[in-house]
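Okay, input.cif is below, mmCIF, C-alpha atoms:
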data_my_file
#
loop_
_atom_site.label_atom_id
_atom_site.label_comp_id
_atom_site.auth_asym_id
_atom_site.auth_seq_id
_atom_site.Cartn_x
_atom_site.Cartn_y
_atom_site.Cartn_z
CA MET C 1 6.35 18.15 -14.33
CA THR C 2 3.80 18.02 -17.13
CA THR C 3 6.21 18.73 -19.97
CA VAL C 4 7.22 15.20 -20.92
CA THR C 5 7.95 14.01 -24.43
CA PRO C 6 4.63 13.09 -26.06
CA LEU C 7 3.73 9.45 -26.30
CA PRO C 8 2.81 8.24 -29.81
CA ALA C 9 -0.89 7.84 -30.47
CA ASP C 10 -2.80 4.95 -31.96
CA PRO C 11 -4.89 6.60 -34.73
CA ALA C 12 -7.70 4.11 -34.22
CA ARG C 13 -8.01 4.77 -30.51
CA GLY C 14 -6.50 8.20 -30.04
CA THR C 15 -4.61 6.96 -26.99
CA PRO C 16 -0.90 6.44 -26.29
CA VAL C 17 0.42 3.00 -27.14
CA PRO C 18 3.66 1.27 -26.14
CA GLN C 19 6.85 1.82 -28.12
CA PRO C 20 8.35 -1.26 -29.75
CA ASP C 21 10.74 -1.50 -26.80
CA ALA C 22 7.96 -1.14 -24.24
CA ALA C 23 8.04 -3.38 -21.20
CA THR C 24 5.61 -6.26 -21.23
CA THR C 25 6.42 -8.80 -18.57
CA ALA C 26 9.82 -7.46 -17.49
CA PRO C 27 10.16 -4.01 -15.90
CA VAL C 28 12.42 -1.27 -17.20
CA ARG C 29 12.92 0.81 -14.08
CA PRO C 30 15.07 3.63 -12.81
CA SER C 31 17.47 2.47 -10.12
CA ALA C 32 15.63 1.53 -6.93
CA PRO C 33 17.08 2.06 -3.47
CA ALA C 34 19.36 -0.82 -2.57
CA THR C 35 17.08 -1.92 0.24
CA ALA C 36 14.77 -4.87 0.63
CA LEU C 37 12.21 -4.75 3.42
CA PRO C 38 13.92 -7.24 5.78
CA ALA C 39 16.98 -4.98 5.78
CA LEU C 40 14.88 -2.22 7.37
CA VAL C 41 14.06 -4.46 10.33
CA GLU C 42 17.64 -5.69 10.55
CA ARG C 43 18.93 -2.12 10.70
CA HIS C 44 16.82 -1.25 13.74
CA ALA C 45 17.36 -4.66 15.35
CA GLU C 46 21.10 -3.99 15.26
CA ARG C 47 20.86 -0.41 16.53
CA THR C 48 18.03 -0.70 19.07
CA PRO C 49 17.22 -4.39 19.60
CA ASP C 50 15.10 -3.68 22.69
CA ALA C 51 12.97 -0.97 21.07
CA LEU C 52 9.29 -1.78 20.69
CA ALA C 53 8.38 -2.99 17.18
CA VAL C 54 4.91 -4.58 17.41
CA VAL C 55 2.02 -4.30 19.88
CA ASP C 56 -0.77 -6.88 19.57
CA GLY C 57 -3.12 -6.60 22.55
CA ASP C 58 -1.03 -7.67 25.51
CA THR C 59 1.63 -9.22 23.25
CA THR C 60 4.69 -7.18 22.29
CA LEU C 61 7.71 -7.80 20.10
CA THR C 62 10.95 -5.83 20.21
CA TYR C 63 12.93 -5.32 17.02
CA GLY C 64 15.38 -7.99 18.18
CA ARG C 65 12.62 -10.52 18.85
CA LEU C 66 10.83 -9.66 15.61
CA LEU C 67 13.95 -10.29 13.56
CA GLY C 68 14.67 -13.50 15.45
CA ALA C 69 11.14 -14.78 14.89
CA GLY C 70 11.32 -13.88 11.20
CA ARG C 71 14.61 -15.69 10.74
CA ALA C 72 13.34 -18.77 12.54
CA LEU C 73 10.19 -18.84 10.42
CA ALA C 74 12.26 -18.44 7.25
CA ALA C 75 14.27 -21.52 8.23
CA TYR C 76 11.02 -23.39 8.98
CA LEU C 77 9.63 -22.47 5.56
CA ARG C 78 12.83 -23.54 3.82
CA GLU C 79 12.63 -26.88 5.62
CA HIS C 80 9.11 -27.27 4.21
CA GLY C 81 10.17 -26.66 0.64
CA VAL C 82 9.80 -22.91 0.15
CA GLU C 83 12.39 -21.67 -2.33
CA ARG C 84 13.52 -18.31 -3.62
CA GLY C 85 10.93 -16.81 -5.94
CA ASP C 86 8.04 -19.02 -4.77
CA ARG C 87 4.69 -17.28 -4.56
CA VAL C 88 3.24 -18.10 -1.16
CA ALA C 89 -0.27 -17.04 -0.12
CA LEU C 90 -0.73 -15.85 3.47
CA LEU C 91 -4.05 -16.41 5.27
CA THR C 92 -4.06 -15.07 8.81
CA ALA C 93 -6.23 -13.01 11.08
CA ARG C 94 -4.59 -9.61 11.52
CA SER C 95 -2.06 -10.04 14.33
CA SER C 96 1.62 -9.86 15.19
CA ARG C 97 1.95 -13.26 13.49
CA THR C 98 0.96 -11.59 10.23
CA ILE C 99 3.99 -9.31 10.43
CA VAL C 100 6.32 -12.14 11.46
CA ALA C 101 4.97 -14.23 8.58
CA GLN C 102 5.60 -11.49 6.01
CA LEU C 103 9.14 -11.05 7.28
CA GLY C 104 9.77 -14.80 7.33
CA LEU C 105 8.51 -15.25 3.77
CA TRP C 106 10.82 -12.51 2.49
CA LEU C 107 13.82 -13.78 4.40
CA ALA C 108 13.16 -17.14 2.71
CA GLY C 109 13.06 -15.36 -0.65
CA ALA C 110 9.35 -15.87 -1.30
CA VAL C 111 6.74 -13.47 -2.66
CA CYS C 112 3.82 -12.81 -0.28
CA VAL C 113 0.28 -13.06 -1.69
CA PRO C 114 -2.01 -11.70 1.07
CA LEU C 115 -5.46 -13.24 1.47
CA ASP C 116 -8.40 -11.88 3.45
CA PRO C 117 -10.31 -14.45 5.58
CA ALA C 118 -13.48 -12.39 5.07
CA GLN C 119 -13.45 -12.32 1.27
CA PRO C 120 -15.61 -14.75 -0.77
CA ARG C 121 -14.05 -18.12 -1.48
CA PRO C 122 -14.33 -17.84 -5.31
CA ARG C 123 -12.31 -14.61 -5.20
CA THR C 124 -9.67 -16.22 -3.00
CA GLU C 125 -9.42 -19.22 -5.31
CA ALA C 126 -9.11 -16.92 -8.34
CA MET C 127 -6.29 -14.99 -6.64
CA ILE C 128 -4.43 -18.22 -5.81
CA ALA C 129 -4.75 -19.40 -9.40
CA ASP C 130 -3.81 -16.10 -11.04
CA ALA C 131 -0.80 -15.57 -8.77
CA GLU C 132 0.41 -19.12 -9.48
CA VAL C 133 0.68 -19.77 -5.76
CA THR C 134 2.75 -22.83 -4.86
CA LEU C 135 1.82 -22.94 -1.16
CA THR C 136 -0.64 -21.30 1.21
CA VAL C 137 0.48 -20.71 4.79
CA GLY C 138 -1.51 -19.29 7.67
CA ASP C 139 -3.51 -19.88 10.81
CA ALA C 140 -4.43 -23.56 11.18
CA LYS C 141 -8.12 -22.89 11.90
CA LEU C 142 -8.51 -20.58 8.93
CA LEU C 143 -6.79 -23.02 6.61
CA ASP C 144 -9.02 -25.87 7.79
CA ALA C 145 -12.16 -23.79 7.30
CA ALA C 146 -11.15 -22.44 3.90
CA THR C 147 -10.26 -25.79 2.25
CA LEU C 148 -8.26 -23.96 -0.40
CA PRO C 149 -6.78 -25.63 -3.49
CA GLY C 150 -3.15 -26.69 -3.48
CA PRO C 151 -0.69 -27.41 -0.67
CA VAL C 152 -1.15 -25.67 2.68
CA LEU C 153 1.08 -25.27 5.73
CA ALA C 154 -0.05 -24.13 9.16
CA LEU C 155 2.19 -21.58 10.82
CA PRO C 156 3.53 -22.49 14.27
CA GLU C 157 1.16 -21.34 17.00
CA ALA C 158 3.94 -19.63 18.96
CA PRO C 159 6.71 -17.60 17.30
CA LEU C 160 9.84 -19.63 16.70
CA THR C 161 12.89 -18.21 18.39
CA THR C 162 15.98 -19.69 16.72
CA GLY C 163 17.11 -19.27 13.16
CA ARG C 164 20.29 -18.37 11.33
CA PRO C 165 20.59 -15.12 9.37
CA LEU C 166 18.96 -15.58 5.98
CA ASP C 167 17.90 -12.97 3.46
CA ALA C 168 17.13 -14.15 -0.04
CA SER C 169 15.18 -11.03 -1.09
CA ASP C 170 16.56 -8.15 -3.12
CA PRO C 171 15.25 -4.63 -3.81
CA ASP C 172 13.90 -5.39 -7.28
CA SER C 173 12.25 -8.70 -6.45
CA PRO C 174 8.50 -8.66 -5.76
CA ALA C 175 7.54 -8.35 -2.10
CA PHE C 176 3.78 -8.64 -2.63
CA ILE C 177 1.26 -9.61 -5.24
CA MET C 178 -1.55 -7.23 -4.33
CA PHE C 179 -4.85 -7.80 -6.09
CA THR C 180 -6.85 -4.88 -7.35
CA SER C 181 -10.42 -4.67 -8.73
CA GLY C 182 -13.54 -5.37 -6.71
CA SER C 183 -16.61 -7.53 -6.66
CA THR C 184 -17.04 -7.52 -10.45
CA GLY C 185 -14.47 -8.31 -13.10
CA ARG C 186 -11.41 -10.53 -12.78
CA PRO C 187 -9.01 -9.50 -10.01
CA LYS C 188 -5.62 -8.32 -11.26
CA GLY C 189 -2.48 -9.21 -9.33
CA VAL C 190 0.04 -6.37 -9.11
CA LEU C 191 3.70 -7.28 -8.57
CA VAL C 192 5.01 -4.71 -6.06
CA PRO C 193 8.80 -4.77 -5.51
CA HIS C 194 10.65 -4.41 -2.22
CA GLY C 195 12.57 -1.32 -3.29
CA ALA C 196 9.40 0.57 -4.21
CA ILE C 197 7.88 -0.02 -0.78
CA ALA C 198 11.16 0.79 0.97
CA GLU C 199 11.39 4.11 -0.86
CA LEU C 200 7.79 4.96 0.04
CA VAL C 201 8.18 4.37 3.77
CA THR C 202 11.80 5.25 4.63
CA ALA C 203 12.20 8.76 6.11
CA PRO C 204 9.01 10.02 4.42
CA ASP C 205 8.70 13.75 3.76
CA TYR C 206 4.92 13.64 3.22
CA VAL C 207 4.06 12.57 6.77
CA THR C 208 5.88 12.84 10.09
CA VAL C 209 7.04 9.49 11.51
CA SER C 210 9.83 8.97 14.04
CA GLY C 211 11.01 6.22 16.35
CA ARG C 212 8.74 7.57 19.09
CA ASP C 213 5.55 7.00 17.10
CA ARG C 214 2.99 4.24 17.19
CA VAL C 215 1.27 3.48 13.88
CA LEU C 216 -2.16 1.82 13.66
CA PHE C 217 -2.47 -1.39 11.61
CA HIS C 218 -6.19 -1.94 11.00
CA SER C 219 -6.61 -2.39 7.22
CA PRO C 220 -7.13 -5.80 5.61
CA MET C 221 -3.88 -7.32 4.38
CA THR C 222 -5.28 -7.41 0.84
CA PHE C 223 -5.59 -3.60 0.86
CA ASP C 224 -2.34 -1.90 -0.12
CA ALA C 225 -2.74 0.65 2.68
CA SER C 226 -1.72 -2.13 5.08
CA THR C 227 1.73 -1.98 3.49
CA PHE C 228 2.01 1.63 4.60
CA GLU C 229 0.60 0.94 8.07
CA VAL C 230 3.12 -1.78 8.90
CA TRP C 231 6.23 -0.73 7.05
CA VAL C 232 6.23 3.03 7.58
CA ALA C 233 6.53 2.12 11.27
CA LEU C 234 9.21 -0.56 10.94
CA ALA C 235 11.25 1.44 8.43
CA ASN C 236 11.59 4.31 10.90
CA GLY C 237 12.04 2.52 14.21
CA ALA C 238 8.44 3.13 15.33
CA ALA C 239 5.97 0.56 16.67
CA VAL C 240 3.12 -1.11 14.80
CA VAL C 241 -0.07 -1.26 16.88
CA VAL C 242 -2.24 -4.11 15.60
CA CYS C 243 -5.98 -3.59 15.85
CA THR C 244 -7.16 -6.98 17.05
CA GLU C 245 -10.79 -6.42 16.00
CA GLN C 246 -10.93 -7.83 12.49
CA ARG C 247 -13.79 -5.52 11.42
CA PRO C 248 -13.50 -2.67 13.93
CA SER C 249 -16.34 -0.25 14.57
CA LEU C 250 -15.73 3.48 14.97
CA GLU C 251 -15.80 3.02 18.73
CA ASP C 252 -13.38 0.09 18.51
CA LEU C 253 -10.91 2.28 16.64
CA ALA C 254 -11.19 5.11 19.16
CA GLN C 255 -10.69 2.78 22.12
CA HIS C 256 -7.74 1.05 20.47
CA VAL C 257 -6.02 4.33 19.62
CA GLU C 258 -6.52 5.61 23.18
CA ARG C 259 -5.44 2.39 24.89
CA HIS C 260 -2.19 2.03 22.99
CA GLY C 261 -1.26 5.67 22.43
CA VAL C 262 -1.41 5.53 18.65
CA THR C 263 -0.03 8.70 17.04
CA VAL C 264 -0.18 7.94 13.28
CA ALA C 265 -3.03 6.34 11.31
CA PHE C 266 -4.30 5.79 7.80
CA PHE C 267 -8.03 5.95 7.10
CA THR C 268 -9.86 5.34 3.85
CA THR C 269 -11.67 8.45 2.71
CA ALA C 270 -15.06 6.91 3.46
CA LEU C 271 -13.98 6.02 7.01
CA PHE C 272 -12.43 9.45 7.52
CA HIS C 273 -15.69 11.09 6.47
CA GLN C 274 -17.62 8.98 9.02
CA LEU C 275 -15.17 9.81 11.79
CA ALA C 276 -15.21 13.50 10.85
CA ALA C 277 -19.01 13.68 10.80
CA ARG C 278 -19.01 12.44 14.40
CA ARG C 279 -16.00 14.52 15.45
CA SER C 280 -14.64 11.25 16.74
CA ARG C 281 -12.36 11.47 19.73
CA VAL C 282 -9.96 9.25 17.74
CA PHE C 283 -8.45 12.48 16.36
CA ALA C 284 -7.74 13.80 19.86
CA GLN C 285 -5.01 11.18 20.35
CA LEU C 286 -3.53 11.23 16.86
CA ARG C 287 -0.87 13.60 15.55
CA SER C 288 -0.82 12.53 11.89
CA VAL C 289 -3.60 11.11 9.71
CA VAL C 290 -3.17 9.98 6.11
CA VAL C 291 -6.37 9.65 4.07
CA GLY C 292 -6.77 8.02 0.66
CA GLY C 293 -8.87 5.95 -1.68
CA GLU C 294 -11.39 8.52 -2.94
CA ALA C 295 -11.77 12.28 -3.23
CA MET C 296 -11.62 13.97 0.18
CA ALA C 297 -14.61 16.19 0.99
CA ALA C 298 -13.64 19.72 1.95
CA ALA C 299 -16.43 20.01 4.53
CA GLN C 300 -15.22 17.00 6.52
CA ALA C 301 -11.60 18.13 6.30
CA ARG C 302 -12.61 21.54 7.63
CA GLU C 303 -14.55 19.96 10.51
CA VAL C 304 -11.54 17.94 11.61
CA LEU C 305 -8.97 20.73 11.27
CA THR C 306 -11.22 23.15 13.15
CA ALA C 307 -11.83 20.76 16.03
CA PHE C 308 -8.27 19.38 16.12
CA PRO C 309 -6.03 22.17 14.80
CA TRP C 310 -2.78 20.43 15.71
CA LEU C 311 -3.52 17.49 13.40
CA GLU C 312 -1.26 16.80 10.42
CA LEU C 313 -3.84 15.81 7.79
CA VAL C 314 -2.44 14.30 4.58
CA ASN C 315 -4.47 13.60 1.45
CA GLY C 316 -2.75 10.68 -0.27
CA TYR C 317 -3.36 9.53 -3.84
CA GLY C 318 -2.11 6.52 -5.74
CA PRO C 319 -3.24 3.28 -7.37
CA THR C 320 -1.79 -0.05 -6.23
CA GLU C 321 0.30 -0.02 -9.42
CA THR C 322 2.23 2.98 -8.08
CA THR C 323 2.88 1.44 -4.63
CA THR C 324 0.14 2.78 -2.38
CA PHE C 325 0.73 6.55 -2.75
CA ALA C 326 2.15 8.51 -5.67
CA THR C 327 1.20 12.06 -4.62
CA ALA C 328 0.36 13.65 -1.29
CA HIS C 329 -0.83 16.97 0.08
CA ARG C 330 -0.83 18.32 3.63
CA VAL C 331 -4.29 19.79 3.98
CA THR C 332 -4.75 23.25 5.48
CA ALA C 333 -7.86 25.29 6.25
CA ARG C 334 -7.28 27.21 3.03
CA ASP C 335 -7.53 23.98 1.00
CA CYS C 336 -11.04 23.45 2.38
CA GLU C 337 -12.41 26.43 0.45
CA GLY C 338 -12.71 24.22 -2.66
CA PRO C 339 -11.90 20.65 -3.80
CA VAL C 340 -9.05 19.27 -1.71
CA PRO C 341 -5.98 18.78 -3.94
CA ILE C 342 -3.98 15.57 -4.24
CA GLY C 343 -0.72 17.47 -4.10
CA ARG C 344 2.68 16.75 -5.59
CA PRO C 345 4.57 13.59 -6.53
CA MET C 346 6.55 12.15 -3.64
CA ALA C 347 9.11 9.51 -2.70
CA GLY C 348 10.54 8.96 -6.16
CA ALA C 349 7.31 9.29 -8.16
CA THR C 350 6.81 11.60 -11.12
CA ALA C 351 3.52 12.92 -12.53
CA HIS C 352 2.65 13.74 -16.13
CA VAL C 353 -0.65 15.31 -17.24
CA LEU C 354 -1.30 14.33 -20.87
CA ASP C 355 -4.08 14.79 -23.41
CA ALA C 356 -5.68 11.97 -25.42
CA ASP C 357 -2.78 12.07 -27.91
CA GLY C 358 -0.13 11.88 -25.24
CA HIS C 359 0.87 15.55 -25.31
CA PRO C 360 1.41 17.58 -22.11
CA VAL C 361 -1.49 19.91 -21.36
CA ASP C 362 -1.18 23.52 -20.26
CA ASP C 363 -1.31 24.37 -16.57
CA GLY C 364 -4.93 24.54 -15.49
CA ASP C 365 -6.20 22.31 -18.30
CA ARG C 366 -7.49 18.83 -17.61
CA GLY C 367 -5.70 15.72 -18.78
CA GLU C 368 -5.02 12.13 -17.83
CA LEU C 369 -2.52 11.50 -15.06
CA TRP C 370 0.40 9.20 -15.88
CA ILE C 371 2.74 8.23 -13.04
CA GLY C 372 6.41 7.44 -13.48
CA GLY C 373 9.49 7.15 -11.33
CA SER C 374 11.11 4.45 -9.26
CA ARG C 375 8.06 3.11 -7.41
CA LEU C 376 6.04 1.57 -10.22
CA ALA C 377 5.00 -2.04 -9.91
CA HIS C 378 6.53 -4.61 -12.24
CA GLY C 379 3.12 -5.13 -13.85
CA TYR C 380 0.26 -7.61 -13.66
CA THR C 381 0.98 -11.25 -13.02
CA GLY C 382 0.00 -13.46 -15.92
CA LEU C 383 -1.32 -10.52 -17.98
CA PRO C 384 1.49 -9.36 -20.32
CA GLU C 385 -0.87 -7.63 -22.77
CA LEU C 386 -2.55 -5.59 -20.04
CA THR C 387 0.86 -4.80 -18.54
CA ALA C 388 2.04 -3.50 -21.93
CA GLU C 389 -1.11 -1.42 -22.29
CA ARG C 390 -0.98 0.23 -18.86
CA PHE C 391 2.79 0.45 -18.32
CA VAL C 392 4.48 2.29 -21.19
CA SER C 393 8.24 2.64 -21.49
CA ARG C 394 10.09 5.44 -23.30
CA ALA C 395 13.70 6.55 -23.33
CA ALA C 396 12.82 10.12 -22.37
CA THR C 397 10.66 9.39 -19.33
CA GLY C 398 11.25 5.79 -18.31
CA ARG C 399 8.20 3.72 -17.52
CA LEU C 400 4.86 5.44 -17.04
CA TYR C 401 1.66 4.00 -15.62
CA ARG C 402 -1.60 5.19 -17.11
CA THR C 403 -3.94 5.83 -14.17
CA GLY C 404 -7.16 6.68 -16.02
CA ASP C 405 -7.66 9.58 -13.59
CA ILE C 406 -8.36 13.10 -14.80
CA VAL C 407 -6.38 15.89 -13.13
CA SER C 408 -5.22 19.44 -13.70
CA LEU C 409 -2.05 21.19 -12.60
CA ARG C 410 -2.33 24.48 -10.75
CA THR C 411 0.19 27.23 -11.36
CA ASP C 412 1.77 26.45 -7.98
CA GLY C 413 2.52 22.87 -9.07
CA ILE C 414 -0.31 21.24 -7.09
CA LEU C 415 -2.49 18.58 -8.73
CA GLN C 416 -6.30 18.71 -8.58
CA PHE C 417 -8.35 15.53 -9.05
CA HIS C 418 -11.40 15.60 -11.35
CA GLY C 419 -12.57 11.97 -11.58
CA ARG C 420 -12.18 9.06 -14.00
CA ASN C 421 -12.10 8.71 -17.76
CA ASP C 422 -13.77 5.27 -17.71
CA ASP C 423 -16.44 3.27 -15.87
CA GLN C 424 -14.29 2.40 -12.86
CA VAL C 425 -15.67 3.43 -9.48
CA LYS C 426 -14.47 3.09 -5.91
CA VAL C 427 -16.40 1.75 -2.95
CA ARG C 428 -14.74 2.37 0.44
CA GLY C 429 -11.43 2.81 -1.34
CA PHE C 430 -11.64 -0.44 -3.34
CA ARG C 431 -11.63 -0.34 -7.13
CA ILE C 432 -14.56 -1.89 -9.02
CA GLU C 433 -14.42 -2.21 -12.80
#
Kindly present the structure from the file in structure tokens form.
Amino acid sequence: MTTVTPLPADPARGTPVPQPDAATTAPVRPSAPATALPALVERHAERTPDALAVVDGDTTLTYGRLLGAGRALAAYLREHGVERGDRVALLTARSSRTIVAQLGLWLAGAVCVPLDPAQPRPRTEAMIADAEVTLTVGDAKLLDAATLPGPVLALPEAPLTTGRPLDASDPDSPAFIMFTSGSTGRPKGVLVPHGAIAELVTAPDYVTVSGRDRVLFHSPMTFDASTFEVWVALANGAAVVVCTEQRPSLEDLAQHVERHGVTVAFFTTALFHQLAARRSRVFAQLRSVVVGGEAMAAAQAREVLTAFPWLELVNGYGPTETTTFATAHRVTARDCEGPVPIGRPMAGATAHVLDADGHPVDDGDRGELWIGGSRLAHGYTGLPELTAERFVSRAATGRLYRTGDIVSLRTDGILQFHGRNDDQVKVRGFRIE
């Protein structure tokens, strides 16, 4: 896994630089699965139309109703001028309408640019400008309060019910523009394609998800973990359980999980540590928990696995540029004797541990982690030079993304995380330059 052909070095910087044929604005990707995200919903709507797809408080949507509402909204958007390839911002409170809106945008062929109602207005305006948004759609009250630049369109208050089949998305077209970076520095919009998300969530081997599960959706839409929360459920015939509290407390989460029988959840590392320190009863209901965003503390992992030994605890790692998770590790009690590893590449990703000159390092030595494979983002919107710097293409390996993270490879093929090689830090899972 680490023995890739060395990347050429820039003598002035001592770091790998793009080849002359390196991708700048256009991706050079291995073949992606021939699946766009709407096709995942359509598959289950055809097989089990009456199966539960979304739970939002007392509101429920079956797969058949979800697909019907998405198709109707796509027709509504087309009637209001949305065309294939348009970048449309989405401003909603987290709800079932959020999921219908995402589906409707993709069926209309648009790219979804999620916005968070709680984020500062200057950041929202910068995201709209950098993503070259042509229209912002969302909840009428939020749109009125935000007074955002450019055209806006309020979504219908009740889900529409009639619409002809329409699917203008394809596996390699962008599904989302997810913005990374935090409260300092200019946000960077990452173009994440449909096929990369579909490969991440369909029949995953890093976490157990079946049609009988209920998956918690509680992350902000602007956080790439929300992609996992919603689409790992819908890709596998499970139900999405929407947490209706927009900023839920620990008690809110526990009550919501208990009330709706949630079995699978993602928690940021910081939130997981808080829940673990309290031995929260949230773990008593859950079967599988995926954790990511920062280094997992062994002490907290041990606490949870001791108190809830049946729990499938997964340590996930991956920048937004690699589509949510690139590596994963199922944590055992033995892993808690030292730093918890980040595991192996999964779902089409590859991992390469390189030195400053782009050469593979020996097992056990530290180097920078470069991620390759079929789930890389297209790059950064409007930033071709940065895209060329961070996404490097070579004939031998395909495209690689330079993470800036320092890792080492154990003799058993498991990756250990050792921190950053720059000034970037994370706060509650969010990157700050």
Selection result for the PyMOL selection byres ((chain C and resi 237) around 8) on this file, as JSON, numbers by chain: {"C": [44, 51, 53, 210, 211, 212, 233, 234, 235, 236, 238, 239]}
For the contact check between region 65-128 of chain C and region 218-231 of chain C, emit one row per residue of region 65-128 of chain C within 8 Å, containing the shortest atom pair and the distance in Å rounded to one decimal, counting only C-alpha atoms, chain then rising number order, as a tab-separated table.
residue	atom	partner	partner_atom	distance
C:Arg94	CA	C:Pro220	CA	7.5
C:Ile99	CA	C:Val230	CA	7.7
C:Pro114	CA	C:Thr222	CA	5.4
C:Leu115	CA	C:Thr222	CA	5.9
C:Asp116	CA	C:Thr222	CA	6.0
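Residues in contact with Ala126 (chain C) at 12 Å, where all atoms listed in the file are counted and same-chain residues fewer than 2 positions away are skipped, are listed as Leu115, Gln119, Pro120, Arg121, Pro122, Arg123, Thr124, Ile128, Ala129, Asp130, Ala131, Glu132, Val133, Leu148, Pro149, Phe179, Gly185, Arg186, Pro187, Lys188 and Gly189 of chain C.
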For Thr350 (chain C), which residue among C:Gly398, C:Gly261, C:Gly292, C:Gly104 is the nearest when counting all atoms listed in the file? C:Gly398
With the PyMOL selection byres ((chain C and resi 323-337) around 7) as the selection, what would be picked from this file? Answer as a PyMOL selection string, please. chain C and resi 192+196-197+206+224-225+298-299+301-302+305+312-322+338-346+349+375-377
Separation of CA of Ser96 (chain C) and CA of Ala154 (chain C), in Å? 15.6 Å
Explicit residue set for the PyMOL selection byres ((chain C and resi 243-257) around 6), as a ChimeraX atom specification: /C:217-218,242,258-262,282
Within 10 Å of Leu103 (chain C) using only C-alpha atoms, minus same-chain residues under 2 positions, as a list in words: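 These residues fall inside the cut-off: Leu37, Pro38, Val41, Leu66, Leu67, Ala69, Gly70, Arg71, Leu73, Ala74, Arg97, Thr98, Ile99, Val100, Ala101, Leu105, Trp106, Leu107, Ala108, Gly109, Ala110, Cys112, Asp167 and Ala175 of chain C.
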Using all atoms listed in the file, which residue out of C:Asp213, C:Glu199, C:Asp50, C:Asp205 lies closest to Tyr63 (chain C)?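 For Tyr63 (chain C), the nearest of the given residues is C:Asp50.
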Show which residues sit within 8 Å of Leu135 (chain C), as an mmCIF file with C-alpha atoms, in the coordinates of the input. Count all atoms listed in the file, and ignore same-chain residues fewer than 6 positions away.
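Final file, selection_8.cif:
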data_model
loop_
_atom_site.group_PDB
_atom_site.id
_atom_site.type_symbol
_atom_site.label_atom_id
_atom_site.label_comp_id
_atom_site.auth_asym_id
_atom_site.auth_seq_id
_atom_site.Cartn_x
_atom_site.Cartn_y
_atom_site.Cartn_z
ATOM 1 C CA ARG C 87 4.690 -17.280 -4.560
ATOM 2 C CA VAL C 88 3.240 -18.100 -1.160
ATOM 3 C CA ALA C 89 -0.270 -17.040 -0.120
ATOM 4 C CA GLY C 150 -3.150 -26.690 -3.480
ATOM 5 C CA PRO C 151 -0.690 -27.410 -0.670
ATOM 6 C CA VAL C 152 -1.150 -25.670 2.680
ATOM 7 C CA LEU C 153 1.080 -25.270 5.730
#
Pick from C:Leu286, C:Ala145, C:Ala75, C:Met296: nearest to Gln274 (chain C), with all atoms listed in the file counted? C:Met296
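Restricting the calculation to only C-alpha atoms, the smallest distance between Ser374 (chain C) and any of C:Pro171, C:Gly68, C:Gly404, C:Pro117 is found for C:Pro171.
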Selected residue, from C:Glu389, C:Asp58, C:Glu125, C:Asp362, that lies nearest to Ser95 (chain C) when counting only C-alpha atoms: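 Ranking C:Glu389, C:Asp58, C:Glu125, C:Asp362 by distance to Ser95 (chain C), first place goes to C:Asp58.
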Interatomic distance, CA of Gly364 (chain C) to CA of Ile406 (chain C) (Å, one decimal):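 Computing the Euclidean distance for CA of Gly364 (chain C) and CA of Ile406 (chain C) yields 12.0 Å.
Between CA of Val241 (chain C) and CA of Ile177 (chain C) there is a distance of 23.7 Å.
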